$ cat run_13.txt   # compact mmCIF, C-alpha atoms
# COMPACT_ATOMS: atom_id res chain seq x y z
CA MET Q 1 -20.74 39.65 28.19
CA SER Q 2 -17.15 40.82 27.94
CA GLU Q 3 -14.25 38.37 28.09
CA PRO Q 4 -12.50 38.19 31.52
CA THR Q 5 -9.21 40.01 31.60
CA THR Q 6 -6.22 40.18 33.86
CA THR Q 7 -3.54 42.79 34.24
CA ASP Q 8 0.12 42.42 33.34
CA GLN Q 9 2.30 45.39 34.25
CA GLY Q 10 -0.68 47.68 34.15
CA GLY Q 11 -2.05 46.45 30.80
CA ALA Q 12 -5.24 44.45 30.35
CA ARG Q 13 -5.19 41.24 28.30
CA PRO Q 14 -7.60 38.29 27.85
CA LEU Q 15 -7.25 35.34 30.24
CA THR Q 16 -7.51 32.98 27.22
CA ALA Q 17 -5.51 34.03 24.19
CA PRO Q 18 -7.06 33.10 20.81
CA VAL Q 19 -5.64 29.96 19.21
CA PRO Q 20 -3.82 30.73 15.94
CA PRO Q 21 -5.55 29.10 12.93
CA ALA Q 22 -2.46 27.05 12.11
CA ASP Q 23 -2.35 25.58 15.61
CA GLY Q 24 -6.05 24.78 15.46
CA LEU Q 25 -5.62 22.98 12.14
CA ARG Q 26 -2.72 20.97 13.52
CA ARG Q 27 -4.81 19.92 16.49
CA VAL Q 28 -7.66 18.80 14.23
CA LEU Q 29 -5.30 16.85 11.98
CA SER Q 30 -3.64 15.25 14.99
CA SER Q 31 -7.04 14.19 16.34
CA VAL Q 32 -8.10 12.78 12.97
CA LEU Q 33 -4.86 10.83 12.62
CA SER Q 34 -5.25 9.48 16.13
CA ASP Q 35 -8.76 8.28 15.31
CA LEU Q 36 -7.59 6.69 12.07
CA ARG Q 37 -4.81 4.86 13.92
CA SER Q 38 -7.40 3.56 16.38
CA VAL Q 39 -9.59 2.27 13.56
CA ASP Q 40 -6.54 0.77 11.86
CA GLY Q 41 -5.54 -1.06 15.03
CA ALA Q 42 -9.09 -2.27 15.63
CA LEU Q 43 -9.34 -3.72 12.11
CA TYR Q 44 -5.98 -5.44 12.53
CA ALA Q 45 -7.11 -6.93 15.85
CA ALA Q 46 -10.40 -8.08 14.33
CA VAL Q 47 -8.61 -9.96 11.56
CA ALA Q 48 -6.21 -11.49 14.07
CA ALA Q 49 -9.07 -12.62 16.31
CA THR Q 50 -11.12 -14.23 13.53
CA PRO Q 51 -10.33 -17.97 13.21
CA THR Q 52 -9.84 -18.97 9.56
CA PRO Q 53 -7.94 -22.28 9.61
CA THR Q 54 -8.82 -23.09 6.00
CA LEU Q 55 -7.41 -19.80 4.71
CA ASP Q 56 -4.36 -19.57 6.94
CA ARG Q 57 -2.09 -21.88 5.00
CA ALA Q 58 -3.11 -20.56 1.56
CA LEU Q 59 -2.64 -16.92 2.52
CA ARG Q 60 0.69 -17.65 4.19
CA ARG Q 61 1.91 -19.31 0.99
CA LEU Q 62 0.63 -16.42 -1.12
CA SER Q 63 2.41 -13.92 1.09
CA HIS Q 64 5.63 -15.92 0.66
CA ALA Q 65 5.13 -16.13 -3.11
CA ALA Q 66 4.73 -12.37 -3.29
CA ASP Q 67 8.15 -11.76 -1.71
CA HIS Q 68 10.28 -9.78 -4.17
CA SER Q 69 7.27 -9.82 -6.57
CA LYS Q 70 7.98 -13.42 -7.56
CA VAL Q 71 4.35 -14.02 -8.58
CA SER Q 72 4.22 -10.91 -10.74
CA PHE Q 73 7.55 -11.63 -12.41
CA THR Q 74 6.41 -15.17 -13.18
CA ILE Q 75 3.27 -13.83 -14.84
CA ALA Q 76 5.33 -11.25 -16.72
CA GLY Q 77 7.57 -14.04 -18.00
CA ALA Q 78 4.56 -15.97 -19.26
CA LEU Q 79 3.18 -12.85 -20.95
CA ALA Q 80 6.52 -12.21 -22.63
CA LEU Q 81 6.12 -15.51 -24.47
CA GLY Q 82 2.90 -14.30 -26.09
CA GLY Q 83 2.26 -11.79 -28.86
CA SER Q 84 3.49 -8.25 -29.17
CA ARG Q 85 0.72 -6.78 -27.02
CA SER Q 86 1.39 -9.30 -24.25
CA ARG Q 87 5.07 -8.45 -24.35
CA ARG Q 88 4.25 -4.75 -24.08
CA ALA Q 89 2.03 -5.50 -21.10
CA ALA Q 90 4.81 -7.48 -19.44
CA LEU Q 91 7.31 -4.70 -20.02
CA VAL Q 92 5.15 -1.93 -18.61
CA GLY Q 93 4.13 -4.19 -15.71
CA VAL Q 94 7.75 -4.78 -14.73
CA GLY Q 95 8.41 -1.06 -15.04
CA ALA Q 96 5.49 -0.35 -12.71
CA ILE Q 97 6.88 -2.79 -10.15
CA ALA Q 98 10.24 -0.99 -10.26
CA VAL Q 99 8.60 2.39 -9.64
CA ALA Q 100 6.38 1.03 -6.84
CA SER Q 101 9.20 -0.81 -5.10
CA ALA Q 102 11.50 2.21 -5.16
CA SER Q 103 8.75 4.56 -3.99
CA ALA Q 104 7.68 2.30 -1.14
CA ASN Q 105 11.07 1.22 0.14
CA ILE Q 106 13.30 4.19 -0.58
CA LEU Q 107 10.82 6.99 0.08
CA GLY Q 108 7.71 5.86 1.94
CA LYS Q 109 9.22 3.63 4.60
CA ARG Q 110 12.09 6.00 5.31
CA LEU Q 111 9.82 9.03 5.62
CA VAL Q 112 7.07 7.56 7.78
CA ARG Q 113 9.01 4.94 9.79
CA ARG Q 114 5.93 3.29 11.25
CA ASN Q 115 6.62 0.35 13.54
CA ARG Q 116 5.40 -3.11 12.54
CA PRO Q 117 2.35 -4.48 14.35
CA ASP Q 118 2.83 -6.37 17.60
CA ARG Q 119 1.78 -9.75 16.28
CA GLU Q 120 2.22 -11.51 19.60
CA ALA Q 121 0.12 -8.98 21.51
CA ALA Q 122 -2.63 -9.33 18.91
CA ARG Q 123 -2.40 -13.12 19.29
CA VAL Q 124 -2.05 -13.82 15.60
CA THR Q 125 -2.06 -17.60 15.36
CA VAL Q 126 1.30 -19.18 14.59
CA ASP Q 127 -0.21 -21.00 11.60
CA ARG Q 128 -0.38 -17.64 9.82
CA HIS Q 129 3.15 -16.49 10.58
CA VAL Q 130 5.61 -15.44 7.92
CA PRO Q 131 8.96 -13.84 8.84
CA MET Q 132 8.39 -10.37 10.27
CA PRO Q 133 10.28 -7.87 8.06
CA THR Q 134 12.75 -5.53 9.70
CA SER Q 135 11.76 -2.58 7.50
CA ALA Q 136 9.17 0.02 8.45
CA SER Q 137 5.52 -0.94 8.14
CA PHE Q 138 4.13 1.95 6.06
CA PRO Q 139 3.39 1.53 3.20
CA SER Q 140 3.09 -2.14 2.20
CA GLY Q 141 5.66 -2.76 -0.51
CA HIS Q 142 4.12 -6.11 -1.45
CA THR Q 143 0.77 -4.45 -2.07
CA ALA Q 144 2.25 -1.50 -3.93
CA SER Q 145 4.12 -3.76 -6.36
CA ALA Q 146 1.22 -6.17 -6.87
CA VAL Q 147 -1.28 -3.37 -7.51
CA ALA Q 148 1.15 -1.54 -9.78
CA PHE Q 149 1.68 -4.64 -11.88
CA ALA Q 150 -2.03 -5.46 -12.06
CA THR Q 151 -3.00 -1.91 -12.99
CA ALA Q 152 -0.32 -1.49 -15.65
CA VAL Q 153 -0.86 -4.87 -17.28
CA GLY Q 154 -4.64 -4.54 -17.05
CA THR Q 155 -4.49 -1.22 -18.87
CA VAL Q 156 -2.67 -2.78 -21.81
CA LEU Q 157 -4.50 -6.12 -21.59
CA PRO Q 158 -8.02 -5.37 -20.29
CA ALA Q 159 -8.92 -9.07 -20.18
CA ALA Q 160 -6.25 -9.55 -17.50
CA SER Q 161 -7.41 -6.70 -15.27
CA VAL Q 162 -9.95 -8.66 -13.22
CA PRO Q 163 -7.84 -11.75 -12.39
CA LEU Q 164 -4.73 -9.68 -11.74
CA GLY Q 165 -6.71 -7.19 -9.66
CA ALA Q 166 -8.13 -10.03 -7.58
CA LEU Q 167 -4.64 -11.46 -7.13
CA ALA Q 168 -3.28 -8.08 -6.03
CA GLY Q 169 -6.12 -7.72 -3.54
CA ALA Q 170 -5.38 -11.16 -2.15
CA VAL Q 171 -1.70 -10.31 -1.80
CA GLY Q 172 -2.57 -7.14 0.11
CA TYR Q 173 -4.95 -8.94 2.43
CA SER Q 174 -2.43 -11.73 3.01
CA ARG Q 175 -0.07 -9.18 4.55
CA ILE Q 176 -2.73 -8.23 7.10
CA HIS Q 177 -3.78 -11.83 7.66
CA THR Q 178 -0.24 -12.95 8.40
CA GLY Q 179 0.15 -10.08 10.86
CA VAL Q 180 2.96 -8.12 9.26
CA HIS Q 181 0.96 -5.05 8.19
CA TYR Q 182 -1.88 -2.88 9.40
CA PRO Q 183 -4.81 -2.37 6.98
CA GLY Q 184 -3.76 1.27 6.58
CA ASP Q 185 -0.34 0.16 5.32
CA VAL Q 186 -2.02 -1.96 2.66
CA ALA Q 187 -4.43 0.80 1.63
CA ALA Q 188 -1.52 3.22 1.23
CA GLY Q 189 0.39 0.60 -0.75
CA ALA Q 190 -2.57 0.19 -3.12
CA VAL Q 191 -2.75 3.94 -3.76
CA LEU Q 192 1.00 4.04 -4.34
CA GLY Q 193 0.70 1.07 -6.73
CA ILE Q 194 -1.91 2.84 -8.85
CA ALA Q 195 0.23 5.98 -9.00
CA SER Q 196 3.28 3.89 -9.94
CA ALA Q 197 1.38 2.18 -12.74
CA ALA Q 198 0.26 5.56 -14.07
CA THR Q 199 3.88 6.73 -14.04
CA ALA Q 200 5.11 3.64 -15.87
CA LEU Q 201 2.34 3.91 -18.46
CA ALA Q 202 3.10 7.60 -19.00
CA VAL Q 203 6.78 6.85 -19.57
CA ALA Q 204 5.93 4.00 -21.95
CA SER Q 205 3.49 6.23 -23.81
CA ALA Q 206 6.13 8.93 -24.22
CA ARG Q 207 8.75 6.49 -25.50
CA LEU Q 208 6.46 4.22 -27.55
CA PRO Q 209 3.43 6.37 -28.41
CA HIS Q 210 2.05 3.96 -31.03
CA SER Q 211 1.95 1.14 -28.50
CA TYR Q 212 0.77 2.87 -25.33
CA GLY Q 213 -0.43 6.30 -26.33
CA ASN Q 214 -4.16 5.70 -26.34
CA SER Q 215 -4.21 2.86 -23.76
CA ARG Q 216 -6.34 0.80 -26.14
CA PRO Q 217 -5.66 -2.78 -27.18
CA VAL Q 218 -3.46 -3.00 -30.26
CA ARG Q 219 -4.37 -5.59 -32.85
CA GLU Q 220 -1.90 -8.36 -33.34
CA ARG Q 221 -0.23 -8.64 -36.72
$ encode --input "run_13.txt" --output "structure tokens"
Amino acid sequence: MSEPTTTDQGGARPLTAPVPPADGLRRVLSSVLSDLRSVDGALYAAVAATPTPTLDRALRRLSHAADHSKVSFTIAGALALGGSRSRRAALVGVGAIAVASASANILGKRLVRRNRPDREAARVTVDRHVPMPTSASFPSGHTASAVAFATAVGTVLPAASVPLGALAGAVGYSRIHTGVHYPGDVAAGAVLGIASAATALAVASARLPHSYGNSRPVRER
């Protein structure tokens, strides 16, 4: 069956013009992003609606402690008092935080400019509240820095990877629990943190190849 046509100044043309491939791809991507935002909002609402009075205070305190990477810097200070490998781990961990913080706050937040969640509309209990930041929501800078530090230090000190990874995960979740970030912001921050750690390790390997080049533990002397 032929496609219906209409005339325009004597010429025949289809009633429905074909959609250019680029426009079709944009529509698909827009639909996918819309669905992901819906899932993101639903997960945020589910966390907000789940009563966890025992966890509320602890996660609020952890979120506060992670402001400006205070927890990570404290751990780095303790590591710096150890042997040479611990000091190298502390150094590369701090470098990873610097890369993650700059990437999240200077690039990510300014490019995406996602609004913070509406904590009141989601009825996040006041017991969870920490000050709502004025910066954009995407990505989570707290998560990016915590994951960057854990990944970098864990690469140099494998024994520290599990506890630091668990701490970084708790920091990320605390930002959702306290209502200041969507889960998607935290997931993006984690990816950015891993990339930042890889960058810091690559720079350290280039400058100090004997210490970081093979990413294996170096025996103390």
$ residues_around --input "run_13.txt" --residues "Ala187 in chain Q" --least-positions-apart "6" --cutoff "10 Å" --atoms "only C-alpha atoms" --output "list of chain:residue names"
Q:Phe138, Q:Pro139, Q:Ser140, Q:Thr143, Q:Ala144, Q:Gly172, Q:Tyr173, Q:Gly193
$ atom_distance --input "run_13.txt" --atom1 "CA of Ala122 in chain Q" --atom2 "CA of Ala65 in chain Q"
24.3 Å
$ closest_residue --input "run_13.txt" --among "Q:Gly93, Q:Ala49, Q:Leu192, Q:Ala102" --to "Ser72 in chain Q" --atoms "only C-alpha atoms"
Q:Gly93
$ atom_distance --input "run_13.txt" --atom1 "CA of Ser161 in chain Q" --atom2 "CA of Ser101 in chain Q"
20.3 Å
$ closest_residue --input "run_13.txt" --among "Q:Val99, Q:Ala45, Q:Ala160, Q:Val180" --to "Ala195 in chain Q" --atoms "only C-alpha atoms"
Q:Val99
$ closest_residue --input "run_13.txt" --among "Q:Ala204, Q:Val147, Q:Ala170, Q:Val126" --to "Pro53 in chain Q" --atoms "only C-alpha atoms"
Q:Val126
$ decode --input "run_13.txt" --residues "range 141-157 of chain Q" --atoms "all heavy atoms" --output "PDB file, in the first residue's frame"
ATOM      1  N   GLY Q 141      29.752  15.701  45.494  1.00  0.00           N
ATOM      2  CA  GLY Q 141      31.167  15.946  45.761  1.00  0.00           C
ATOM      3  C   GLY Q 141      31.681  15.150  46.949  1.00  0.00           C
ATOM      4  O   GLY Q 141      32.828  14.686  46.939  1.00  0.00           O
ATOM      5  N   HIS Q 142      30.837  14.977  47.980  1.00  0.00           N
ATOM      6  CA  HIS Q 142      31.246  14.179  49.133  1.00  0.00           C
ATOM      7  C   HIS Q 142      31.595  12.757  48.707  1.00  0.00           C
ATOM      8  O   HIS Q 142      32.616  12.192  49.111  1.00  0.00           O
ATOM      9  CB  HIS Q 142      30.114  14.118  50.162  1.00  0.00           C
ATOM     10  CG  HIS Q 142      29.942  15.366  50.971  1.00  0.00           C
ATOM     11  ND1 HIS Q 142      29.539  16.553  50.416  1.00  0.00           N
ATOM     12  CD2 HIS Q 142      30.094  15.597  52.303  1.00  0.00           C
ATOM     13  CE1 HIS Q 142      29.469  17.480  51.368  1.00  0.00           C
ATOM     14  NE2 HIS Q 142      29.794  16.930  52.519  1.00  0.00           N
ATOM     15  N   THR Q 143      30.723  12.176  47.875  1.00  0.00           N
ATOM     16  CA  THR Q 143      30.948  10.804  47.424  1.00  0.00           C
ATOM     17  C   THR Q 143      32.179  10.720  46.537  1.00  0.00           C
ATOM     18  O   THR Q 143      32.987   9.790  46.672  1.00  0.00           O
ATOM     19  CB  THR Q 143      29.719  10.296  46.652  1.00  0.00           C
ATOM     20  OG1 THR Q 143      28.553  10.450  47.461  1.00  0.00           O
ATOM     21  CG2 THR Q 143      29.885   8.837  46.273  1.00  0.00           C
ATOM     22  N   ALA Q 144      32.321  11.659  45.618  1.00  0.00           N
ATOM     23  CA  ALA Q 144      33.467  11.641  44.711  1.00  0.00           C
ATOM     24  C   ALA Q 144      34.780  11.661  45.489  1.00  0.00           C
ATOM     25  O   ALA Q 144      35.698  10.878  45.214  1.00  0.00           O
ATOM     26  CB  ALA Q 144      33.398  12.827  43.750  1.00  0.00           C
ATOM     27  N   SER Q 145      34.876  12.537  46.474  1.00  0.00           N
ATOM     28  CA  SER Q 145      36.117  12.641  47.250  1.00  0.00           C
ATOM     29  C   SER Q 145      36.360  11.410  48.102  1.00  0.00           C
ATOM     30  O   SER Q 145      37.487  10.909  48.190  1.00  0.00           O
ATOM     31  CB  SER Q 145      36.060  13.891  48.139  1.00  0.00           C
ATOM     32  OG  SER Q 145      36.040  15.068  47.355  1.00  0.00           O
ATOM     33  N   ALA Q 146      35.295  10.895  48.733  1.00  0.00           N
ATOM     34  CA  ALA Q 146      35.454   9.721  49.595  1.00  0.00           C
ATOM     35  C   ALA Q 146      35.856   8.496  48.786  1.00  0.00           C
ATOM     36  O   ALA Q 146      36.733   7.723  49.194  1.00  0.00           O
ATOM     37  CB  ALA Q 146      34.158   9.448  50.356  1.00  0.00           C
ATOM     38  N   VAL Q 147      35.233   8.304  47.633  1.00  0.00           N
ATOM     39  CA  VAL Q 147      35.560   7.155  46.786  1.00  0.00           C
ATOM     40  C   VAL Q 147      36.958   7.315  46.190  1.00  0.00           C
ATOM     41  O   VAL Q 147      37.722   6.343  46.089  1.00  0.00           O
ATOM     42  CB  VAL Q 147      34.505   6.976  45.685  1.00  0.00           C
ATOM     43  CG1 VAL Q 147      34.952   5.943  44.659  1.00  0.00           C
ATOM     44  CG2 VAL Q 147      33.174   6.549  46.293  1.00  0.00           C
ATOM     45  N   ALA Q 148      37.308   8.524  45.798  1.00  0.00           N
ATOM     46  CA  ALA Q 148      38.644   8.767  45.249  1.00  0.00           C
ATOM     47  C   ALA Q 148      39.718   8.424  46.280  1.00  0.00           C
ATOM     48  O   ALA Q 148      40.714   7.751  45.968  1.00  0.00           O
ATOM     49  CB  ALA Q 148      38.771  10.223  44.813  1.00  0.00           C
ATOM     50  N   PHE Q 149      39.520   8.872  47.501  1.00  0.00           N
ATOM     51  CA  PHE Q 149      40.494   8.597  48.556  1.00  0.00           C
ATOM     52  C   PHE Q 149      40.582   7.096  48.831  1.00  0.00           C
ATOM     53  O   PHE Q 149      41.680   6.531  48.906  1.00  0.00           O
ATOM     54  CB  PHE Q 149      40.096   9.337  49.833  1.00  0.00           C
ATOM     55  CG  PHE Q 149      41.047   9.140  50.982  1.00  0.00           C
ATOM     56  CD1 PHE Q 149      42.250   9.829  51.044  1.00  0.00           C
ATOM     57  CD2 PHE Q 149      40.728   8.258  52.004  1.00  0.00           C
ATOM     58  CE1 PHE Q 149      43.127   9.643  52.102  1.00  0.00           C
ATOM     59  CE2 PHE Q 149      41.589   8.066  53.071  1.00  0.00           C
ATOM     60  CZ  PHE Q 149      42.800   8.754  53.126  1.00  0.00           C
ATOM     61  N   ALA Q 150      39.433   6.443  48.964  1.00  0.00           N
ATOM     62  CA  ALA Q 150      39.427   5.012  49.262  1.00  0.00           C
ATOM     63  C   ALA Q 150      40.080   4.204  48.148  1.00  0.00           C
ATOM     64  O   ALA Q 150      40.846   3.264  48.413  1.00  0.00           O
ATOM     65  CB  ALA Q 150      37.986   4.535  49.476  1.00  0.00           C
ATOM     66  N   THR Q 151      39.800   4.558  46.906  1.00  0.00           N
ATOM     67  CA  THR Q 151      40.354   3.819  45.776  1.00  0.00           C
ATOM     68  C   THR Q 151      41.859   4.006  45.668  1.00  0.00           C
ATOM     69  O   THR Q 151      42.610   3.051  45.456  1.00  0.00           O
ATOM     70  CB  THR Q 151      39.675   4.265  44.466  1.00  0.00           C
ATOM     71  OG1 THR Q 151      38.262   4.088  44.580  1.00  0.00           O
ATOM     72  CG2 THR Q 151      40.191   3.462  43.283  1.00  0.00           C
ATOM     73  N   ALA Q 152      42.311   5.246  45.814  1.00  0.00           N
ATOM     74  CA  ALA Q 152      43.737   5.526  45.697  1.00  0.00           C
ATOM     75  C   ALA Q 152      44.528   4.883  46.825  1.00  0.00           C
ATOM     76  O   ALA Q 152      45.541   4.210  46.598  1.00  0.00           O
ATOM     77  CB  ALA Q 152      43.968   7.037  45.674  1.00  0.00           C
ATOM     78  N   VAL Q 153      44.068   5.073  48.054  1.00  0.00           N
ATOM     79  CA  VAL Q 153      44.780   4.499  49.196  1.00  0.00           C
ATOM     80  C   VAL Q 153      44.719   2.978  49.146  1.00  0.00           C
ATOM     81  O   VAL Q 153      45.714   2.285  49.402  1.00  0.00           O
ATOM     82  CB  VAL Q 153      44.187   5.016  50.524  1.00  0.00           C
ATOM     83  CG1 VAL Q 153      44.799   4.282  51.714  1.00  0.00           C
ATOM     84  CG2 VAL Q 153      44.438   6.510  50.654  1.00  0.00           C
ATOM     85  N   GLY Q 154      43.561   2.429  48.783  1.00  0.00           N
ATOM     86  CA  GLY Q 154      43.420   0.983  48.710  1.00  0.00           C
ATOM     87  C   GLY Q 154      44.294   0.346  47.654  1.00  0.00           C
ATOM     88  O   GLY Q 154      44.675  -0.823  47.787  1.00  0.00           O
ATOM     89  N   THR Q 155      44.624   1.083  46.617  1.00  0.00           N
ATOM     90  CA  THR Q 155      45.519   0.561  45.588  1.00  0.00           C
ATOM     91  C   THR Q 155      46.936   0.427  46.116  1.00  0.00           C
ATOM     92  O   THR Q 155      47.647  -0.538  45.818  1.00  0.00           O
ATOM     93  CB  THR Q 155      45.502   1.475  44.347  1.00  0.00           C
ATOM     94  OG1 THR Q 155      44.169   1.542  43.833  1.00  0.00           O
ATOM     95  CG2 THR Q 155      46.429   0.960  43.264  1.00  0.00           C
ATOM     96  N   VAL Q 156      47.356   1.392  46.899  1.00  0.00           N
ATOM     97  CA  VAL Q 156      48.710   1.361  47.471  1.00  0.00           C
ATOM     98  C   VAL Q 156      48.766   0.470  48.707  1.00  0.00           C
ATOM     99  O   VAL Q 156      49.745  -0.239  48.935  1.00  0.00           O
ATOM    100  CB  VAL Q 156      49.177   2.799  47.811  1.00  0.00           C
ATOM    101  CG1 VAL Q 156      50.597   2.778  48.375  1.00  0.00           C
ATOM    102  CG2 VAL Q 156      49.126   3.683  46.571  1.00  0.00           C
ATOM    103  N   LEU Q 157      47.691   0.503  49.505  1.00  0.00           N
ATOM    104  CA  LEU Q 157      47.600  -0.316  50.711  1.00  0.00           C
ATOM    105  C   LEU Q 157      46.378  -1.232  50.586  1.00  0.00           C
ATOM    106  O   LEU Q 157      45.296  -0.887  51.058  1.00  0.00           O
ATOM    107  CB  LEU Q 157      47.443   0.565  51.959  1.00  0.00           C
ATOM    108  CG  LEU Q 157      48.641   1.387  52.417  1.00  0.00           C
ATOM    109  CD1 LEU Q 157      48.248   2.255  53.601  1.00  0.00           C
ATOM    110  CD2 LEU Q 157      49.798   0.475  52.797  1.00  0.00           C
TER     111      LEU Q 157
END
